[in-house]
$ cat structure.cif   # mmCIF, C-alpha atoms
data_entry
loop_
_atom_site.label_atom_id
_atom_site.label_comp_id
_atom_site.auth_asym_id
_atom_site.auth_seq_id
_atom_site.Cartn_x
_atom_site.Cartn_y
_atom_site.Cartn_z
CA MET A 1296 -22.28 -6.94 -14.44
CA THR A 1297 -23.60 -3.42 -14.58
CA VAL A 1298 -24.49 -1.12 -17.43
CA VAL A 1299 -23.37 2.47 -17.11
CA THR A 1300 -23.58 5.47 -19.35
CA LEU A 1301 -20.88 7.93 -20.27
CA GLY A 1302 -22.46 10.69 -22.33
CA ASP A 1303 -24.52 8.79 -24.91
CA THR A 1304 -22.45 5.62 -24.66
CA ARG A 1305 -23.64 2.55 -22.78
CA LEU A 1306 -20.85 0.50 -21.24
CA HIS A 1307 -20.72 -2.86 -19.45
CA ILE A 1308 -18.52 -2.87 -16.37
CA ASP A 1309 -17.64 -5.32 -13.59
CA SER A 1310 -18.22 -4.73 -9.89
CA GLU A 1311 -15.08 -2.59 -9.61
CA GLY A 1312 -15.72 -0.48 -12.70
CA PHE A 1313 -13.45 -2.17 -15.27
CA LEU A 1314 -14.96 -2.53 -18.75
CA THR A 1315 -16.00 -6.08 -19.58
CA GLU A 1316 -16.70 -5.82 -23.32
CA TYR A 1317 -13.55 -5.52 -25.43
CA GLY A 1318 -15.53 -4.06 -28.32
CA GLU A 1319 -17.10 -1.20 -26.36
CA TRP A 1320 -13.76 0.57 -26.01
CA THR A 1321 -12.77 3.39 -28.34
CA ASP A 1322 -9.84 5.81 -28.52
CA GLU A 1323 -12.14 8.59 -27.40
CA LEU A 1324 -13.34 6.56 -24.45
CA ALA A 1325 -9.72 5.95 -23.37
CA GLY A 1326 -9.26 9.69 -23.12
CA GLN A 1327 -12.39 9.96 -21.00
CA LEU A 1328 -11.42 7.08 -18.71
CA ALA A 1329 -7.92 8.53 -18.27
CA ALA A 1330 -9.44 11.90 -17.39
CA GLN A 1331 -11.38 10.19 -14.59
CA LEU A 1332 -7.98 9.29 -13.12
CA GLY A 1333 -6.58 12.75 -13.70
CA ILE A 1334 -4.33 11.53 -16.52
CA GLU A 1335 -3.95 13.34 -19.83
CA LEU A 1336 -2.92 10.86 -22.51
CA THR A 1337 0.34 11.47 -24.36
CA ASP A 1338 2.00 9.42 -27.14
CA GLU A 1339 3.83 7.45 -24.46
CA HIS A 1340 0.57 6.54 -22.74
CA TRP A 1341 -0.85 5.48 -26.10
CA LYS A 1342 2.11 3.21 -26.80
CA ALA A 1343 1.34 1.31 -23.60
CA ILE A 1344 -2.42 1.26 -24.22
CA ARG A 1345 -2.08 0.02 -27.82
CA PHE A 1346 0.27 -2.71 -26.65
CA LEU A 1347 -2.15 -3.82 -23.93
CA ARG A 1348 -5.06 -3.93 -26.39
CA THR A 1349 -3.15 -5.97 -29.00
CA ASP A 1350 -1.55 -8.25 -26.44
CA TYR A 1351 -4.92 -8.99 -24.83
CA LEU A 1352 -6.34 -10.07 -28.19
CA SER A 1353 -3.56 -12.58 -28.75
CA ARG A 1354 -3.20 -13.88 -25.18
CA GLY A 1355 -6.66 -13.46 -23.68
CA GLU A 1356 -5.34 -11.83 -20.54
CA THR A 1357 -4.07 -8.41 -19.55
CA ALA A 1358 -0.29 -7.95 -19.64
CA THR A 1359 1.47 -7.39 -16.33
CA LEU A 1360 3.87 -4.47 -15.81
CA ARG A 1361 6.78 -6.79 -16.43
CA ARG A 1362 5.34 -7.91 -19.75
CA VAL A 1363 4.73 -4.32 -20.85
CA SER A 1364 8.32 -3.47 -19.98
CA THR A 1365 10.01 -6.51 -21.52
CA VAL A 1366 7.81 -6.97 -24.60
CA ALA A 1367 6.70 -3.40 -25.42
CA GLY A 1368 10.01 -1.96 -24.25
CA ILE A 1369 8.61 0.72 -21.91
CA PRO A 1370 10.78 0.79 -18.76
CA ILE A 1371 8.95 0.00 -15.53
CA LYS A 1372 10.16 3.27 -14.02
CA GLN A 1373 8.43 5.13 -16.86
CA LEU A 1374 5.19 3.20 -16.37
CA PHE A 1375 5.09 4.42 -12.78
CA VAL A 1376 5.49 7.98 -14.09
CA LEU A 1377 2.79 7.60 -16.77
CA PHE A 1378 0.23 5.87 -14.55
CA PRO A 1379 1.16 6.87 -10.98
CA GLY A 1380 0.43 4.75 -7.92
CA LYS A 1381 -0.94 1.53 -9.38
CA PRO A 1382 0.26 1.51 -12.97
CA ALA A 1383 -0.86 -2.01 -13.95
CA LYS A 1384 -4.45 -1.51 -12.84
CA LYS A 1385 -4.72 2.04 -14.14
CA MET A 1386 -3.36 1.07 -17.57
CA ALA A 1387 -5.79 -1.81 -17.79
CA TYR A 1388 -8.70 0.46 -16.84
CA VAL A 1389 -7.85 3.06 -19.48
CA ALA A 1390 -7.34 0.32 -22.08
CA GLY A 1391 -10.77 -1.10 -21.31
CA LEU A 1392 -9.42 -4.44 -20.11
CA PRO A 1393 -9.76 -6.51 -16.92
CA LYS A 1394 -7.09 -5.87 -14.31
CA PRO A 1395 -4.07 -8.16 -14.75
CA ARG A 1396 -4.15 -11.38 -12.76
CA GLY A 1397 -0.49 -12.39 -13.12
CA CYS A 1398 1.77 -12.13 -10.06
CA VAL A 1399 4.86 -10.74 -11.75
CA MET B 794 -25.23 -8.15 -9.99
CA THR B 795 -26.97 -7.35 -13.24
CA THR B 796 -28.95 -4.20 -13.68
CA THR B 797 -30.91 -3.25 -16.71
CA GLU B 798 -31.17 0.40 -15.86
CA SER B 799 -28.24 2.55 -16.77
CA MET B 800 -26.34 4.60 -14.25
CA PRO B 801 -23.41 6.99 -14.50
CA LEU B 802 -19.87 5.72 -14.96
CA VAL B 803 -18.27 4.10 -11.94
CA VAL B 804 -14.55 4.72 -11.53
CA PRO B 805 -12.72 1.87 -9.78
CA ASP B 806 -11.40 2.73 -6.38
CA PHE B 807 -7.67 2.65 -6.99
CA GLY B 808 -7.24 3.27 -3.29
CA ASP B 809 -4.62 5.93 -3.83
CA HIS B 810 -5.54 7.43 -0.51
CA ALA B 811 -5.51 4.12 1.33
CA THR B 812 -1.98 3.25 0.20
CA VAL B 813 -0.48 6.63 0.97
CA GLY B 814 1.34 6.08 4.22
CA ARG B 815 1.13 2.29 4.02
CA LYS B 816 4.58 0.72 4.35
CA LEU B 817 5.87 -2.82 4.01
CA ALA B 818 9.14 -4.18 5.43
CA ILE B 819 10.35 -7.53 4.18
CA ILE B 820 13.24 -9.26 5.94
CA CYS B 821 15.01 -11.75 3.67
CA SER B 822 17.07 -14.17 5.76
CA LYS B 823 17.36 -17.17 3.42
CA GLY B 824 19.87 -17.83 0.65
CA ASN B 825 18.17 -20.77 -1.04
CA LEU B 826 16.86 -20.10 -4.53
CA ASP B 827 13.31 -21.13 -3.62
CA MET B 828 13.30 -18.95 -0.52
CA ALA B 829 14.56 -15.89 -2.40
CA TYR B 830 11.38 -15.60 -4.42
CA PRO B 831 8.59 -15.09 -1.84
CA GLY B 832 10.10 -11.82 -0.61
CA MET B 833 10.73 -10.50 -4.11
CA ILE B 834 7.27 -11.42 -5.35
CA LEU B 835 5.58 -9.77 -2.37
CA ALA B 836 7.76 -6.67 -2.73
CA ASN B 837 6.95 -6.42 -6.41
CA ALA B 838 3.23 -6.84 -5.75
CA ALA B 839 3.23 -4.23 -2.98
CA LEU B 840 5.08 -1.71 -5.15
CA GLY B 841 2.57 -2.27 -7.94
CA GLU B 842 -0.14 -1.35 -5.44
CA GLY B 843 1.61 1.87 -4.53
CA VAL B 844 2.92 0.66 -1.16
CA GLU B 845 6.31 1.96 0.06
CA THR B 846 8.47 -1.16 0.34
CA HIS B 847 11.80 -1.85 2.07
CA LEU B 848 13.77 -5.12 1.90
CA PHE B 849 16.39 -5.97 4.53
CA PHE B 850 18.86 -8.71 3.63
CA THR B 851 20.35 -10.55 6.57
CA PHE B 852 22.27 -13.77 7.30
CA TRP B 853 21.90 -16.20 4.39
CA GLY B 854 19.64 -13.70 2.65
CA PHE B 855 22.85 -11.74 2.07
CA ASP B 856 23.56 -14.07 -0.84
CA MET B 857 20.66 -12.43 -2.71
CA ILE B 858 22.56 -9.13 -2.88
CA THR B 859 26.16 -10.37 -2.95
CA LYS B 860 27.44 -9.86 -6.50
CA SER B 861 29.47 -13.06 -6.59
CA ARG B 862 26.54 -15.19 -5.42
CA MET B 863 23.26 -13.58 -6.48
CA ASN B 864 23.38 -15.29 -9.87
CA ASP B 865 24.14 -18.62 -8.32
CA LEU B 866 21.57 -19.35 -5.59
CA LYS B 867 20.77 -23.03 -5.28
CA PHE B 868 17.82 -25.24 -4.54
CA THR B 869 18.22 -28.50 -2.66
CA MET B 870 15.81 -31.36 -2.13
CA LEU B 871 17.45 -32.10 1.22
CA GLY B 872 15.21 -31.29 4.14
CA ASN B 873 12.40 -30.35 1.79
CA THR B 874 9.69 -32.99 1.94
CA ALA B 875 7.55 -31.05 -0.54
CA THR B 876 9.50 -32.56 -3.45
CA HIS B 877 7.91 -35.91 -2.44
CA LEU B 878 11.07 -37.75 -3.45
CA PRO B 879 13.21 -39.93 -1.16
CA GLN B 880 15.44 -37.71 0.99
CA GLY B 881 18.45 -39.97 0.29
CA LEU B 882 18.25 -39.04 -3.37
CA GLY B 883 18.84 -35.37 -2.54
CA GLY B 884 22.23 -36.18 -1.02
CA MET B 885 23.61 -37.89 -4.11
CA PRO B 886 26.29 -36.04 -6.12
CA GLY B 887 24.88 -33.64 -8.68
CA MET B 888 21.34 -33.66 -7.31
CA THR B 889 21.43 -30.08 -6.02
CA ALA B 890 22.72 -28.84 -9.38
CA MET B 891 19.99 -30.76 -11.16
CA ALA B 892 17.24 -29.55 -8.84
CA THR B 893 18.51 -25.96 -9.17
CA HIS B 894 18.57 -26.18 -12.94
CA GLN B 895 15.04 -27.56 -12.98
CA LEU B 896 13.64 -24.89 -10.64
CA LYS B 897 15.34 -22.08 -12.59
CA LYS B 898 13.77 -23.41 -15.76
CA GLN B 899 10.30 -23.59 -14.20
CA ILE B 900 10.62 -20.00 -12.96
CA GLN B 901 11.83 -18.80 -16.35
CA ASP B 902 9.05 -20.64 -18.17
CA ILE B 903 6.37 -18.57 -16.44
CA GLY B 904 8.14 -15.31 -17.28
CA VAL B 905 9.47 -14.58 -13.80
CA PRO B 906 12.96 -13.02 -13.84
CA ASP B 907 16.11 -14.37 -12.18
CA VAL B 908 17.27 -12.86 -8.89
CA PRO B 909 19.41 -9.92 -10.16
CA GLU B 910 16.85 -8.91 -12.76
CA PHE B 911 14.01 -9.18 -10.24
CA LEU B 912 15.86 -6.91 -7.80
CA GLU B 913 16.44 -4.48 -10.66
CA GLN B 914 12.69 -4.45 -11.34
CA ILE B 915 11.94 -3.88 -7.64
CA VAL B 916 14.31 -0.91 -7.55
CA ALA B 917 12.85 0.49 -10.80
CA SER B 918 9.42 0.25 -9.16
CA GLY B 919 10.65 2.36 -6.25
CA GLY B 920 11.66 -0.37 -3.76
CA HIS B 921 14.48 0.13 -1.25
CA LEU B 922 17.21 -2.47 -0.63
CA TRP B 923 19.17 -2.54 2.65
CA ALA B 924 22.03 -4.78 3.77
CA CYS B 925 22.46 -5.97 7.36
CA ARG B 926 25.57 -4.60 9.08
CA MET B 927 26.18 -7.61 11.29
CA SER B 928 25.99 -9.98 8.30
CA ALA B 929 28.45 -7.81 6.35
CA GLU B 930 30.89 -7.84 9.25
CA MET B 931 30.55 -11.59 9.83
CA MET B 932 31.16 -12.37 6.17
CA HIS B 933 33.85 -9.69 5.74
CA LEU B 934 31.96 -7.97 2.93
CA ASP B 935 31.62 -4.27 2.17
CA GLU B 936 29.62 -2.14 -0.28
CA SER B 937 31.96 -3.04 -3.16
CA ASP B 938 30.88 -6.69 -2.82
CA LEU B 939 27.18 -5.88 -2.96
CA TYR B 940 24.68 -5.26 -5.74
CA GLU B 941 25.01 -1.57 -6.73
CA GLU B 942 21.38 -0.72 -6.00
CA VAL B 943 21.68 -1.59 -2.30
CA GLU B 944 21.22 1.78 -0.60
CA GLY B 945 23.36 1.06 2.42
CA ILE B 946 24.68 -1.31 5.05
CA ILE B 947 22.64 -0.57 8.16
CA SER B 948 22.04 -1.99 11.61
CA ALA B 949 18.86 -3.76 12.63
CA ALA B 950 17.97 -0.73 14.74
CA ASP B 951 18.40 1.55 11.70
CA PHE B 952 16.05 -0.67 9.73
CA ILE B 953 13.42 -0.65 12.46
CA GLU B 954 13.70 3.13 12.53
CA LYS B 955 13.38 3.47 8.74
CA THR B 956 10.32 1.23 8.69
CA ASP B 957 8.42 2.98 11.46
CA GLY B 958 4.77 2.04 11.17
CA ALA B 959 5.40 -0.62 8.52
CA GLN B 960 3.91 -4.08 8.30
CA ILE B 961 6.78 -6.56 8.62
CA ILE B 962 7.21 -9.88 6.84
CA PHE B 963 10.03 -12.18 7.90
CA ILE B 964 11.19 -14.79 5.41
#

$ encode --input "structure.cif" --output "structure tokens"
Amino acid sequence: MTVVTLGDTRLHIDSEGFLTEYGEWTDELAGQLAAQLGIELTDEHWKAIRFLRTDYLSRGETATLRRVSTVAGIPIKQLFVLFPGKPAKKMAYVAGLPKPRGCV
Amino acid sequence: MTTTESMPLVVPDFGDHATVGRKLAIICSKGNLDMAYPGMILANAALGEGVETHLFFTFWGFDMITKSRMNDLKFTMLGNTATHLPQGLGGMPGMTAMATHQLKKQIQDIGVPDVPEFLEQIVASGGHLWACRMSAEMMHLDESDLYEEVEGIISAADFIEKTDGAQIIFI
């Protein structure tokens, strides 16, 4: 585990750069992490991020794309638009969670 | 690795550049329920990683995209020693239905969709579905018999052309 700084904030991250401490994440930080990926957060992004955060608390693991689409009701097609390329990993990164480990 | 000194933020390498231009071609030639899943799971995973993915359905794999059959793929114990049950049992009346029911339940229990819904998810993720021309002709089927999201009935040569430079998986 590595400690990094973003402005005045100290963050714990894993070897790939995903945050490892659930409590270190803030709304403001999400905006900064998204900006690193060239994403500007809209209400639709926030709906996905809030779902991921809540779902992680209750299940202890990051939701897969399928879970975000079936449980949070955001169509998979839209998730690819919101977080282009690798939506599951990018969403998890912005939400300050580990990348999902589920297959589907 | 643990460091005590702080360093600037590290952004994960999402490999957007690495996956641009990467292509995957998956040939689905089996119509058994258990053999339908590997191709769909790999396709889904590849699409989630930003890889352009094409699936080609041929021979028995045609059942996966044939409207009248895609909901009704079956699993049999016969010829499958991995069930670790006597082979004779698999041939008894009702055993295939029972094994199919059991496998469908196990798949559903872990939140993995059934075949039509899984294909729908693959298409929503940007995947391409192609039907084999020779199989269509052999089975006397045309586009009206196939799942709507299939983009076309094409020859093997067409598929090879469309997947120029792709990595190919045959199932």

$ resolve_selection --input "structure.cif" --expression "the PyMOL selection byres ((chain B and resi 917) around 9)" --output "list in words"
Pro1370, Ile1371, Lys1372, Gln1373 and Phe1375 of chain A; Leu912, Glu913, Gln914, Ile915, Val916, Ser918, Gly919 and Gly920 of chain B

$ closest_residue --input "structure.cif" --among "A:Gly1355, A:Pro1379, A:Pro1395, A:Gly1333" --to "chain B" --atoms "only C-alpha atoms"
A:Pro1379

$ resolve_selection --input "structure.cif" --expression "the PyMOL selection byres ((chain A) within 9 of (chain B))" --output "compact mmCIF listing (two decimals) with C-alpha atoms, in the frame of the given file"
# COMPACT_ATOMS: atom_id res chain seq x y z
CA MET A 1296 -22.28 -6.94 -14.44
CA THR A 1297 -23.60 -3.42 -14.58
CA VAL A 1298 -24.49 -1.12 -17.43
CA VAL A 1299 -23.37 2.47 -17.11
CA THR A 1300 -23.58 5.47 -19.35
CA LEU A 1301 -20.88 7.93 -20.27
CA GLY A 1302 -22.46 10.69 -22.33
CA ARG A 1305 -23.64 2.55 -22.78
CA LEU A 1306 -20.85 0.50 -21.24
CA ILE A 1308 -18.52 -2.87 -16.37
CA ASP A 1309 -17.64 -5.32 -13.59
CA SER A 1310 -18.22 -4.73 -9.89
CA GLU A 1311 -15.08 -2.59 -9.61
CA GLY A 1312 -15.72 -0.48 -12.70
CA PHE A 1313 -13.45 -2.17 -15.27
CA LEU A 1328 -11.42 7.08 -18.71
CA GLN A 1331 -11.38 10.19 -14.59
CA LEU A 1332 -7.98 9.29 -13.12
CA LEU A 1360 3.87 -4.47 -15.81
CA ARG A 1361 6.78 -6.79 -16.43
CA ARG A 1362 5.34 -7.91 -19.75
CA PRO A 1370 10.78 0.79 -18.76
CA ILE A 1371 8.95 0.00 -15.53
CA LYS A 1372 10.16 3.27 -14.02
CA GLN A 1373 8.43 5.13 -16.86
CA LEU A 1374 5.19 3.20 -16.37
CA PHE A 1375 5.09 4.42 -12.78
CA PRO A 1379 1.16 6.87 -10.98
CA GLY A 1380 0.43 4.75 -7.92
CA LYS A 1381 -0.94 1.53 -9.38
CA PRO A 1382 0.26 1.51 -12.97
CA ALA A 1383 -0.86 -2.01 -13.95
CA LYS A 1384 -4.45 -1.51 -12.84
CA LYS A 1385 -4.72 2.04 -14.14
CA TYR A 1388 -8.70 0.46 -16.84
CA CYS A 1398 1.77 -12.13 -10.06
CA VAL A 1399 4.86 -10.74 -11.75

$ atom_distance --input "structure.cif" --atom1 "atom CA of A:Leu1347" --atom2 "atom CA of A:Gly1391"
9.4 Å

$ resolve_selection --input "structure.cif" --expression "the PyMOL selection byres ((chain B and resi 885-895) around 8)" --output "number ranges by chain"
B: 826, 867-870, 881-884, 896-899

$ atom_distance --input "structure.cif" --atom1 "atom CA of B:His877" --atom2 "atom CA of B:Val908"
25.7 Å

$ residues_around --input "structure.cif" --residues "B:Ile964" --least-positions-apart "2" --cutoff "7 Å" --atoms "only C-alpha atoms" --output "JSON, numbers by chain"
{"B": [820, 821, 822, 823, 832, 962]}

$ closest_residue --input "structure.cif" --among "B:Gly824, B:Ile900, B:Gly958, B:Met932" --to "B:Ile858" --atoms "all atoms listed in the file"
B:Gly824

$ residues_around --input "structure.cif" --residues "A:Leu1392" --least-positions-apart "6" --cutoff "9 Å" --atoms "all atoms listed in the file" --output "list in words"
Phe1313, Leu1314, Thr1315, Glu1316, Tyr1317, Trp1320, Leu1347, Arg1348, Tyr1351, Glu1356, Thr1357 and Met1386 of chain A

$ atom_distance --input "structure.cif" --atom1 "atom CA of B:His921" --atom2 "atom CA of B:His847"
4.7 Å

$ closest_residue --input "structure.cif" --among "B:Asp827, B:Ala924, B:Lys955, B:Glu910" --to "A:Thr1365" --atoms "only C-alpha atoms"
B:Glu910

$ closest_residue --input "structure.cif" --among "B:Gln960, B:Met931, B:Glu954, B:Leu939" --to "B:Phe852" --atoms "all atoms listed in the file"
B:Met931

$ residues_around --input "structure.cif" --residues "A:Leu1324" --least-positions-apart "5" --cutoff "10 Å" --atoms "all atoms listed in the file" --output "PyMOL selection string"
chain A and resi 1301+1304+1319+1329-1330+1389-1391

$ closest_residue --input "structure.cif" --among "B:Glu845, B:Thr874, B:Trp923, B:Ser948" --to "B:Glu936" --atoms "only C-alpha atoms"
B:Trp923

$ decode --input "structure.cif" --residues "stretch 825-850 of chain B" --atoms "N, CA and C atoms" --output "PDB file, in the first residue's frame"
ATOM      1  N   ASN B 825     -25.043 -26.800 -26.247  1.00  0.00           N
ATOM      2  CA  ASN B 825     -25.385 -27.248 -24.891  1.00  0.00           C
ATOM      3  C   ASN B 825     -25.386 -26.041 -23.962  1.00  0.00           C
ATOM      4  N   LEU B 826     -26.258 -26.070 -22.978  1.00  0.00           N
ATOM      5  CA  LEU B 826     -26.358 -24.934 -22.057  1.00  0.00           C
ATOM      6  C   LEU B 826     -25.007 -24.598 -21.422  1.00  0.00           C
ATOM      7  N   ASP B 827     -24.294 -25.625 -20.963  1.00  0.00           N
ATOM      8  CA  ASP B 827     -23.021 -25.366 -20.276  1.00  0.00           C
ATOM      9  C   ASP B 827     -21.968 -24.809 -21.226  1.00  0.00           C
ATOM     10  N   MET B 828     -22.055 -25.173 -22.507  1.00  0.00           N
ATOM     11  CA  MET B 828     -21.056 -24.701 -23.459  1.00  0.00           C
ATOM     12  C   MET B 828     -21.429 -23.354 -24.090  1.00  0.00           C
ATOM     13  N   ALA B 829     -22.614 -22.852 -23.760  1.00  0.00           N
ATOM     14  CA  ALA B 829     -23.014 -21.536 -24.264  1.00  0.00           C
ATOM     15  C   ALA B 829     -22.348 -20.440 -23.435  1.00  0.00           C
ATOM     16  N   TYR B 830     -22.109 -20.746 -22.173  1.00  0.00           N
ATOM     17  CA  TYR B 830     -21.628 -19.703 -21.260  1.00  0.00           C
ATOM     18  C   TYR B 830     -20.180 -19.237 -21.445  1.00  0.00           C
ATOM     19  N   PRO B 831     -19.218 -20.139 -21.682  1.00  0.00           N
ATOM     20  CA  PRO B 831     -17.838 -19.644 -21.771  1.00  0.00           C
ATOM     21  C   PRO B 831     -17.671 -18.506 -22.781  1.00  0.00           C
ATOM     22  N   GLY B 832     -18.269 -18.654 -23.950  1.00  0.00           N
ATOM     23  CA  GLY B 832     -18.139 -17.616 -24.978  1.00  0.00           C
ATOM     24  C   GLY B 832     -18.766 -16.304 -24.543  1.00  0.00           C
ATOM     25  N   MET B 833     -19.947 -16.404 -23.917  1.00  0.00           N
ATOM     26  CA  MET B 833     -20.646 -15.178 -23.506  1.00  0.00           C
ATOM     27  C   MET B 833     -19.900 -14.479 -22.369  1.00  0.00           C
ATOM     28  N   ILE B 834     -19.362 -15.256 -21.460  1.00  0.00           N
ATOM     29  CA  ILE B 834     -18.643 -14.663 -20.327  1.00  0.00           C
ATOM     30  C   ILE B 834     -17.359 -13.977 -20.806  1.00  0.00           C
ATOM     31  N   LEU B 835     -16.649 -14.633 -21.717  1.00  0.00           N
ATOM     32  CA  LEU B 835     -15.428 -14.020 -22.256  1.00  0.00           C
ATOM     33  C   LEU B 835     -15.756 -12.766 -23.057  1.00  0.00           C
ATOM     34  N   ALA B 836     -16.821 -12.827 -23.842  1.00  0.00           N
ATOM     35  CA  ALA B 836     -17.226 -11.660 -24.640  1.00  0.00           C
ATOM     36  C   ALA B 836     -17.550 -10.500 -23.722  1.00  0.00           C
ATOM     37  N   ASN B 837     -18.325 -10.783 -22.692  1.00  0.00           N
ATOM     38  CA  ASN B 837     -18.728  -9.748 -21.750  1.00  0.00           C
ATOM     39  C   ASN B 837     -17.515  -9.130 -21.048  1.00  0.00           C
ATOM     40  N   ALA B 838     -16.575  -9.988 -20.668  1.00  0.00           N
ATOM     41  CA  ALA B 838     -15.372  -9.500 -19.987  1.00  0.00           C
ATOM     42  C   ALA B 838     -14.541  -8.633 -20.931  1.00  0.00           C
ATOM     43  N   ALA B 839     -14.388  -9.076 -22.171  1.00  0.00           N
ATOM     44  CA  ALA B 839     -13.589  -8.327 -23.141  1.00  0.00           C
ATOM     45  C   ALA B 839     -14.215  -6.956 -23.404  1.00  0.00           C
ATOM     46  N   LEU B 840     -15.537  -6.930 -23.549  1.00  0.00           N
ATOM     47  CA  LEU B 840     -16.220  -5.657 -23.814  1.00  0.00           C
ATOM     48  C   LEU B 840     -16.037  -4.696 -22.643  1.00  0.00           C
ATOM     49  N   GLY B 841     -16.088  -5.244 -21.430  1.00  0.00           N
ATOM     50  CA  GLY B 841     -15.888  -4.421 -20.242  1.00  0.00           C
ATOM     51  C   GLY B 841     -14.488  -3.846 -20.158  1.00  0.00           C
ATOM     52  N   GLU B 842     -13.563  -4.464 -20.888  1.00  0.00           N
ATOM     53  CA  GLU B 842     -12.174  -3.983 -20.929  1.00  0.00           C
ATOM     54  C   GLU B 842     -11.930  -3.132 -22.166  1.00  0.00           C
ATOM     55  N   GLY B 843     -12.998  -2.812 -22.878  1.00  0.00           N
ATOM     56  CA  GLY B 843     -12.857  -1.928 -24.029  1.00  0.00           C
ATOM     57  C   GLY B 843     -12.344  -2.605 -25.292  1.00  0.00           C
ATOM     58  N   VAL B 844     -12.488  -3.943 -25.355  1.00  0.00           N
ATOM     59  CA  VAL B 844     -11.995  -4.674 -26.524  1.00  0.00           C
ATOM     60  C   VAL B 844     -13.138  -4.898 -27.527  1.00  0.00           C
ATOM     61  N   GLU B 845     -12.914  -4.584 -28.790  1.00  0.00           N
ATOM     62  CA  GLU B 845     -13.921  -4.829 -29.828  1.00  0.00           C
ATOM     63  C   GLU B 845     -14.144  -6.334 -29.944  1.00  0.00           C
ATOM     64  N   THR B 846     -15.402  -6.766 -29.819  1.00  0.00           N
ATOM     65  CA  THR B 846     -15.676  -8.206 -29.739  1.00  0.00           C
ATOM     66  C   THR B 846     -16.743  -8.663 -30.738  1.00  0.00           C
ATOM     67  N   HIS B 847     -16.434  -9.740 -31.460  1.00  0.00           N
ATOM     68  CA  HIS B 847     -17.366 -10.316 -32.432  1.00  0.00           C
ATOM     69  C   HIS B 847     -17.627 -11.775 -32.064  1.00  0.00           C
ATOM     70  N   LEU B 848     -18.906 -12.192 -32.092  1.00  0.00           N
ATOM     71  CA  LEU B 848     -19.231 -13.598 -31.861  1.00  0.00           C
ATOM     72  C   LEU B 848     -19.827 -14.177 -33.141  1.00  0.00           C
ATOM     73  N   PHE B 849     -19.355 -15.365 -33.513  1.00  0.00           N
ATOM     74  CA  PHE B 849     -19.827 -16.039 -34.722  1.00  0.00           C
ATOM     75  C   PHE B 849     -20.481 -17.337 -34.277  1.00  0.00           C
ATOM     76  N   PHE B 850     -21.768 -17.497 -34.601  1.00  0.00           N
ATOM     77  CA  PHE B 850     -22.509 -18.677 -34.156  1.00  0.00           C
ATOM     78  C   PHE B 850     -22.604 -19.656 -35.306  1.00  0.00           C
TER      79      PHE B 850
END
